[in-house]
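Right, one structure below, let's go through it.
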Amino acid sequence: MSVPCVAVERERGEAVRERLAEAGALDGDHEIAVDGDAIYIPIVDPEAIPADLDARVVARDAAERDRPLTPAEILGYEPSLERLGDIVIVDEDDDERASEIADAVMASDVPCDTVLNRASPIEGELRVRRWDVLAGNGTETVHREYGHEFLLDVAEVYFSPRLATERHRVVEQAEPGEAAIDMFAGVGPYAVPLASRGADVVACDLNERAVEYLRENAARNGVADRVTAVAGDVREIADDYADAADSLVMNLPHSADAFLDTAVALAGDDCLVHYYDIQHEDDPFGPGTRAIREAAGDEYEVAVETERVVRSYAPHEYNVCLDARLTRE
């Protein structure tokens, strides 16, 4: 049967498949096919794919795939699940229901080694949470995102797979050879792809365990020579990297404003700041814009190039990003 497919080079296949899945355009009823150096990924709606892939759409015969057995088919309802590497995460207050979901996940065709349930909110300065292991064992996994691998332990570090598209958006703006500083780097989901794009990256985090994973992830992705990983408060390295940054990532939404003076100290003559914030829906961008302008003072001209709602955070609150360019006066 002939279906629309996106045809790309084999080495780009996984990254493109992830993008199509995030856009809701992936056709799960037909098999992905490889022919020579090309891979053909079936799609359900050519109009739903990212615009840069429009020219890649071709018609091609594709075999129908056997539908996998899903947790929903076993349970009779659709559970709320999140994938992180080979870990499946549920979020259930009812222990019996959580156990029922875990059993269904393990009995399904979902590739999974471990099922975890959130046992606490994100806590403390290091932004980690406690977990109940419902099936399998261990909390360490390898997460794959846009062609990169990240080893991490969810019980020891903060990581959100939901921000994959946002991270990719930021990384795509980087230029080879630029100096980037990731002020709250975690295990490297911004820093590693930035380095892969050709940036020289200084990546800092207060969580020493996260920095250990960051160094491992830089090595496993072949960019250890372009990532300088620093364990500690980013304010402590401001003098060492003053006026150095062409771009800054400030992904600490609840308190990034407290670090804007440091960001200004790190910024070079022309610096793009990716500033993340949590704000009320009535004025999601105003507080961040005002805080950046206040911190920049008379030293920089501030131009907000992008105002972006990343996701809903809580009722009437948004996780937002401002891309603000600082140009020295």
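Ligands are numbered from 1 in the order shown, chains are lettered A, B, ... in the order of the structure tokens, and residues start at 1 in each chain.
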
Neighbours of Ala51 of chain A within 12 Å (only C-alpha atoms; same-chain residues fewer than 4 positions away dropped), as number ranges by chain? A: 6, 19-20, 23, 46-47, 55-57

Would you export the selected residues with all heavy atoms as a short mmCIF file (atom, residue, chain, number, x, y, z; two decimals), in the first residue's frame, please?
data_model
loop_
_atom_site.label_atom_id
_atom_site.label_comp_id
_atom_site.auth_asym_id
_atom_site.auth_seq_id
_atom_site.Cartn_x
_atom_site.Cartn_y
_atom_site.Cartn_z
N VAL A 6 8.48 10.32 4.91
CA VAL A 6 9.58 11.26 4.91
C VAL A 6 10.86 10.47 4.64
O VAL A 6 11.18 9.52 5.37
CB VAL A 6 9.68 12.02 6.24
CG1 VAL A 6 10.97 12.84 6.30
CG2 VAL A 6 8.48 12.93 6.42
N ARG A 19 11.34 13.84 15.87
CA ARG A 19 10.66 15.09 15.54
C ARG A 19 9.25 14.84 15.01
O ARG A 19 8.31 15.55 15.37
CB ARG A 19 11.48 15.88 14.52
CG ARG A 19 12.81 16.40 15.04
CD ARG A 19 13.53 17.19 13.95
NE ARG A 19 12.78 18.39 13.59
CZ ARG A 19 12.97 19.08 12.48
NH1 ARG A 19 13.88 18.67 11.60
NH2 ARG A 19 12.26 20.16 12.23
N LEU A 20 9.10 13.84 14.16
CA LEU A 20 7.79 13.51 13.63
C LEU A 20 6.85 13.03 14.73
O LEU A 20 5.66 13.36 14.75
CB LEU A 20 7.92 12.46 12.53
CG LEU A 20 8.64 12.91 11.25
CD1 LEU A 20 8.90 11.72 10.34
CD2 LEU A 20 7.83 13.98 10.52
N ALA A 23 5.60 15.90 16.69
CA ALA A 23 4.63 16.69 15.93
C ALA A 23 3.30 15.95 15.75
O ALA A 23 2.35 16.49 15.19
CB ALA A 23 5.21 17.04 14.56
N PRO A 46 0.91 14.88 5.91
CA PRO A 46 2.03 15.70 5.45
C PRO A 46 1.97 17.14 5.94
O PRO A 46 3.01 17.80 6.09
CB PRO A 46 1.90 15.63 3.92
CG PRO A 46 1.20 14.34 3.66
CD PRO A 46 0.22 14.20 4.80
N GLU A 47 0.77 17.65 6.22
CA GLU A 47 0.65 19.03 6.67
C GLU A 47 1.08 19.20 8.13
O GLU A 47 1.28 20.33 8.59
CB GLU A 47 -0.78 19.51 6.49
CG GLU A 47 -1.21 19.62 5.03
CD GLU A 47 -2.59 20.22 4.88
OE1 GLU A 47 -3.18 20.57 5.92
OE2 GLU A 47 -3.06 20.33 3.73
N ALA A 55 9.97 19.02 1.72
CA ALA A 55 10.52 18.57 0.44
C ALA A 55 10.94 17.10 0.49
O ALA A 55 11.30 16.52 -0.54
CB ALA A 55 11.72 19.44 0.06
N ARG A 56 10.89 16.51 1.67
CA ARG A 56 11.33 15.12 1.85
C ARG A 56 10.18 14.12 1.74
O ARG A 56 10.40 12.91 1.87
CB ARG A 56 12.00 14.96 3.21
CG ARG A 56 13.24 15.81 3.42
CD ARG A 56 14.42 15.16 2.77
NE ARG A 56 15.67 15.83 3.07
CZ ARG A 56 16.87 15.30 2.86
NH1 ARG A 56 16.95 14.07 2.37
NH2 ARG A 56 17.96 15.97 3.12
N VAL A 57 8.95 14.59 1.55
CA VAL A 57 7.80 13.70 1.52
C VAL A 57 7.70 13.01 0.15
O VAL A 57 7.72 13.67 -0.89
CB VAL A 57 6.50 14.47 1.83
CG1 VAL A 57 5.29 13.54 1.72
CG2 VAL A 57 6.56 15.09 3.22
#

Quick one: residues within 12 Å of Asp35 of chain A, only C-alpha atoms, excluding same-chain residues fewer than 2 positions away - as a PyMOL selection string? chain A and resi 7-10+32-33+37-41+60+62

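Of the listed residues A:Glu96, A:Ala63, A:Ala238, A:Leu194, the one whose atoms come nearest to Arg169 of chain A is A:Leu194, with distances taken using only C-alpha atoms.
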
DSSP helix (DSSP H, G or I) residues within segment 121-250 of chain A, as number ranges by chain: A: 161-171, 191-196, 208-220, 224-226, 234-237

Show me, as an NGL selection string, the residues that have an atom within 8 Å of segment 118-122 of chain A when counting only C-alpha atoms, minus same-chain residues fewer than 6 positions from it. :A and (89-92 or 128-132)

Rounded to one decimal in Å, what is the spacing between atom CA of Ser255 of chain A and atom CA of Ala174 of chain A?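 Spanning atom CA of Ser255 of chain A to atom CA of Ala174 of chain A is a straight-line distance of 24.4 Å.
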
With distances taken over only C-alpha atoms, which of A:Arg328, A:Arg226, A:Arg83, A:His254 is nearest to Asp298 of chain A? A:Arg328

Just want the 12 Å neighbourhood of Glu301 of chain A, counted on only C-alpha atoms, with same-chain residues fewer than 6 positions away dropped. Output as a list in words.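 Everything that qualifies: Val264, Asp269, Asp270, Cys271, Leu272, Ile292, Arg293, Glu294, Ala295, Ala324, Arg325, Leu326, Thr327, Arg328 and Glu329 of chain A.
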
I'd like the neighbourhood of Val230 of chain A as a PyMOL selection string, where a residue qualifies if any of its atoms comes within 7 Å (using only C-alpha atoms), though same-chain residues fewer than 6 positions away should be ignored. chain A and resi 203-205+211

As a list in words, please: every residue in segment 208-262 of chain A that a backbone DSSP assignment puts in strand (DSSP E).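 The residues of segment 208-262 of chain A classed as strand (DSSP E) are Val227, Thr228, Ala229, Val230, Ala231, Ala245, Asp246, Ser247, Leu248, Val249 and Met250 of chain A.
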
Could you save those same residues with C-alpha atoms as an mmCIF file, in the first residue's frame?
data_model
loop_
_atom_site.group_PDB
_atom_site.id
_atom_site.type_symbol
_atom_site.label_atom_id
_atom_site.label_comp_id
_atom_site.auth_asym_id
_atom_site.auth_seq_id
_atom_site.Cartn_x
_atom_site.Cartn_y
_atom_site.Cartn_z
ATOM 1 C CA VAL A 227 32.695 20.885 27.220
ATOM 2 C CA THR A 228 34.183 22.294 30.423
ATOM 3 C CA ALA A 229 32.108 20.892 33.284
ATOM 4 C CA VAL A 230 32.179 22.796 36.587
ATOM 5 C CA ALA A 231 30.657 21.598 39.862
ATOM 6 C CA ALA A 245 29.731 34.323 26.523
ATOM 7 C CA ASP A 246 28.147 34.575 23.084
ATOM 8 C CA SER A 247 25.134 32.707 24.466
ATOM 9 C CA LEU A 248 23.798 31.828 27.906
ATOM 10 C CA VAL A 249 21.270 29.179 28.950
ATOM 11 C CA MET A 250 19.406 30.019 32.168
#

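If only C-alpha atoms are the atoms counted, then among A:Val157, A:Val223, A:Val170, A:Ala179 the closest residue to Asn207 of chain A is A:Val157.
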
Grab the atom CA of Phe285 of chain A to atom CA of Asp261 of chain A distance for me, in Å with one decimal place.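 Pair atom CA of Phe285 of chain A / atom CA of Asp261 of chain A returns 18.8 Å.
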
I need the residue nearest Ala296 of chain A from this list: A:Leu260, A:Val309, A:Cys5, A:Val88. Use only C-alpha atoms for the distance.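 Comparing A:Leu260, A:Val309, A:Cys5, A:Val88 against Ala296 of chain A, the winner is A:Leu260.
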
Please tabulate, as a tab-separated table, the residues of segment 169-245 of chain A that come within 9 Å of segment 135-150 of chain A, each with its closest pair of atoms and the distance in Å to one decimal, counting only C-alpha atoms and ordering rows by chain, then residue number upward.
residue	atom	partner	partner_atom	distance
A:Val187	CA	A:Phe150	CA	7.2
A:Gly188	CA	A:Phe150	CA	7.6
A:Pro189	CA	A:Phe150	CA	7.4
A:Val192	CA	A:His148	CA	8.0
A:Pro193	CA	A:His148	CA	7.2
A:Tyr213	CA	A:Phe150	CA	8.0
A:Leu214	CA	A:Phe150	CA	8.2
A:Glu216	CA	A:Phe150	CA	8.5
A:Asn217	CA	A:Phe150	CA	5.6
A:Ala218	CA	A:Phe150	CA	8.8
A:Arg220	CA	A:Glu149	CA	7.4
A:Asn221	CA	A:His148	CA	6.4

Produce a file of the selected residues containing all heavy atoms, as a PDB file, in the first residue's frame.
ATOM      1  N   VAL A 187      22.694  17.195  33.622  1.00  0.00           N
ATOM      2  CA  VAL A 187      23.508  16.134  33.012  1.00  0.00           C
ATOM      3  C   VAL A 187      23.916  16.461  31.580  1.00  0.00           C
ATOM      4  O   VAL A 187      24.500  15.640  30.895  1.00  0.00           O
ATOM      5  CB  VAL A 187      22.775  14.776  33.053  1.00  0.00           C
ATOM      6  CG1 VAL A 187      22.440  14.388  34.492  1.00  0.00           C
ATOM      7  CG2 VAL A 187      21.522  14.791  32.178  1.00  0.00           C
ATOM      8  N   GLY A 188      23.566  17.677  31.116  1.00  0.00           N
ATOM      9  CA  GLY A 188      24.056  18.125  29.823  1.00  0.00           C
ATOM     10  C   GLY A 188      23.098  18.137  28.661  1.00  0.00           C
ATOM     11  O   GLY A 188      23.546  18.152  27.518  1.00  0.00           O
ATOM     12  N   PRO A 189      21.753  18.180  28.866  1.00  0.00           N
ATOM     13  CA  PRO A 189      20.863  18.117  27.709  1.00  0.00           C
ATOM     14  C   PRO A 189      20.924  19.352  26.805  1.00  0.00           C
ATOM     15  O   PRO A 189      20.518  19.281  25.648  1.00  0.00           O
ATOM     16  CB  PRO A 189      19.477  17.952  28.330  1.00  0.00           C
ATOM     17  CG  PRO A 189      19.605  18.519  29.705  1.00  0.00           C
ATOM     18  CD  PRO A 189      20.998  18.194  30.142  1.00  0.00           C
ATOM     19  N   VAL A 192      25.649  19.334  25.859  1.00  0.00           N
ATOM     20  CA  VAL A 192      26.185  18.338  24.933  1.00  0.00           C
ATOM     21  C   VAL A 192      25.764  18.618  23.487  1.00  0.00           C
ATOM     22  O   VAL A 192      26.601  18.652  22.582  1.00  0.00           O
ATOM     23  CB  VAL A 192      25.809  16.917  25.389  1.00  0.00           C
ATOM     24  CG1 VAL A 192      26.099  15.899  24.296  1.00  0.00           C
ATOM     25  CG2 VAL A 192      26.576  16.564  26.666  1.00  0.00           C
ATOM     26  N   PRO A 193      24.460  18.844  23.196  1.00  0.00           N
ATOM     27  CA  PRO A 193      24.102  19.173  21.818  1.00  0.00           C
ATOM     28  C   PRO A 193      24.710  20.491  21.328  1.00  0.00           C
ATOM     29  O   PRO A 193      25.041  20.624  20.144  1.00  0.00           O
ATOM     30  CB  PRO A 193      22.572  19.261  21.862  1.00  0.00           C
ATOM     31  CG  PRO A 193      22.175  18.446  23.038  1.00  0.00           C
ATOM     32  CD  PRO A 193      23.264  18.635  24.035  1.00  0.00           C
ATOM     33  N   TYR A 213      27.738  12.946  35.704  1.00  0.00           N
ATOM     34  CA  TYR A 213      27.015  12.435  34.534  1.00  0.00           C
ATOM     35  C   TYR A 213      27.255  13.323  33.309  1.00  0.00           C
ATOM     36  O   TYR A 213      27.373  12.827  32.184  1.00  0.00           O
ATOM     37  CB  TYR A 213      25.509  12.361  34.829  1.00  0.00           C
ATOM     38  CG  TYR A 213      25.090  11.137  35.606  1.00  0.00           C
ATOM     39  CD1 TYR A 213      24.569  11.247  36.891  1.00  0.00           C
ATOM     40  CD2 TYR A 213      25.201   9.869  35.045  1.00  0.00           C
ATOM     41  CE1 TYR A 213      24.167  10.123  37.603  1.00  0.00           C
ATOM     42  CE2 TYR A 213      24.803   8.743  35.753  1.00  0.00           C
ATOM     43  CZ  TYR A 213      24.296   8.873  37.022  1.00  0.00           C
ATOM     44  OH  TYR A 213      23.901   7.749  37.731  1.00  0.00           O
ATOM     45  N   LEU A 214      27.329  14.615  33.512  1.00  0.00           N
ATOM     46  CA  LEU A 214      27.598  15.539  32.412  1.00  0.00           C
ATOM     47  C   LEU A 214      28.922  15.200  31.732  1.00  0.00           C
ATOM     48  O   LEU A 214      29.008  15.146  30.499  1.00  0.00           O
ATOM     49  CB  LEU A 214      27.605  16.970  32.949  1.00  0.00           C
ATOM     50  CG  LEU A 214      28.130  18.079  32.052  1.00  0.00           C
ATOM     51  CD1 LEU A 214      27.349  18.171  30.750  1.00  0.00           C
ATOM     52  CD2 LEU A 214      28.082  19.417  32.789  1.00  0.00           C
ATOM     53  N   GLU A 216      30.459  12.333  31.754  1.00  0.00           N
ATOM     54  CA  GLU A 216      30.283  11.043  31.082  1.00  0.00           C
ATOM     55  C   GLU A 216      29.506  11.228  29.778  1.00  0.00           C
ATOM     56  O   GLU A 216      29.848  10.636  28.747  1.00  0.00           O
ATOM     57  CB  GLU A 216      29.529  10.095  32.013  1.00  0.00           C
ATOM     58  CG  GLU A 216      28.937   8.854  31.347  1.00  0.00           C
ATOM     59  CD  GLU A 216      29.977   7.877  30.816  1.00  0.00           C
ATOM     60  OE1 GLU A 216      31.138   7.942  31.291  1.00  0.00           O
ATOM     61  OE2 GLU A 216      29.634   7.082  29.913  1.00  0.00           O
ATOM     62  N   ASN A 217      28.484  12.056  29.800  1.00  0.00           N
ATOM     63  CA  ASN A 217      27.660  12.250  28.609  1.00  0.00           C
ATOM     64  C   ASN A 217      28.407  13.010  27.520  1.00  0.00           C
ATOM     65  O   ASN A 217      28.220  12.739  26.328  1.00  0.00           O
ATOM     66  CB  ASN A 217      26.365  12.968  28.981  1.00  0.00           C
ATOM     67  CG  ASN A 217      25.447  12.099  29.812  1.00  0.00           C
ATOM     68  OD1 ASN A 217      25.445  10.871  29.681  1.00  0.00           O
ATOM     69  ND2 ASN A 217      24.667  12.708  30.697  1.00  0.00           N
ATOM     70  N   ALA A 218      29.255  13.951  27.911  1.00  0.00           N
ATOM     71  CA  ALA A 218      30.088  14.627  26.917  1.00  0.00           C
ATOM     72  C   ALA A 218      31.005  13.632  26.235  1.00  0.00           C
ATOM     73  O   ALA A 218      31.183  13.662  25.003  1.00  0.00           O
ATOM     74  CB  ALA A 218      30.886  15.750  27.579  1.00  0.00           C
ATOM     75  N   ARG A 220      30.573  10.245  26.003  1.00  0.00           N
ATOM     76  CA  ARG A 220      29.857   9.234  25.229  1.00  0.00           C
ATOM     77  C   ARG A 220      29.289   9.810  23.931  1.00  0.00           C
ATOM     78  O   ARG A 220      29.014   9.073  22.988  1.00  0.00           O
ATOM     79  CB  ARG A 220      28.774   8.537  26.058  1.00  0.00           C
ATOM     80  CG  ARG A 220      27.565   9.330  26.372  1.00  0.00           C
ATOM     81  CD  ARG A 220      26.394   8.436  26.860  1.00  0.00           C
ATOM     82  NE  ARG A 220      26.761   7.489  27.872  1.00  0.00           N
ATOM     83  CZ  ARG A 220      26.308   6.225  27.932  1.00  0.00           C
ATOM     84  NH1 ARG A 220      25.466   5.781  27.017  1.00  0.00           N
ATOM     85  NH2 ARG A 220      26.661   5.423  28.894  1.00  0.00           N
ATOM     86  N   ASN A 221      29.128  11.133  23.878  1.00  0.00           N
ATOM     87  CA  ASN A 221      28.665  11.778  22.653  1.00  0.00           C
ATOM     88  C   ASN A 221      29.789  12.415  21.841  1.00  0.00           C
ATOM     89  O   ASN A 221      29.530  13.128  20.870  1.00  0.00           O
ATOM     90  CB  ASN A 221      27.605  12.823  22.995  1.00  0.00           C
ATOM     91  CG  ASN A 221      26.285  12.206  23.422  1.00  0.00           C
ATOM     92  OD1 ASN A 221      25.493  11.765  22.598  1.00  0.00           O
ATOM     93  ND2 ASN A 221      26.052  12.144  24.728  1.00  0.00           N
TER      94      ASN A 221
END

Nearest residue to Tyr300 of chain A from the set A:Ala267, A:Glu281, A:Val320, A:Ile87 (distances using only C-alpha atoms):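 Smallest separation from Tyr300 of chain A among the options: A:Ala267.
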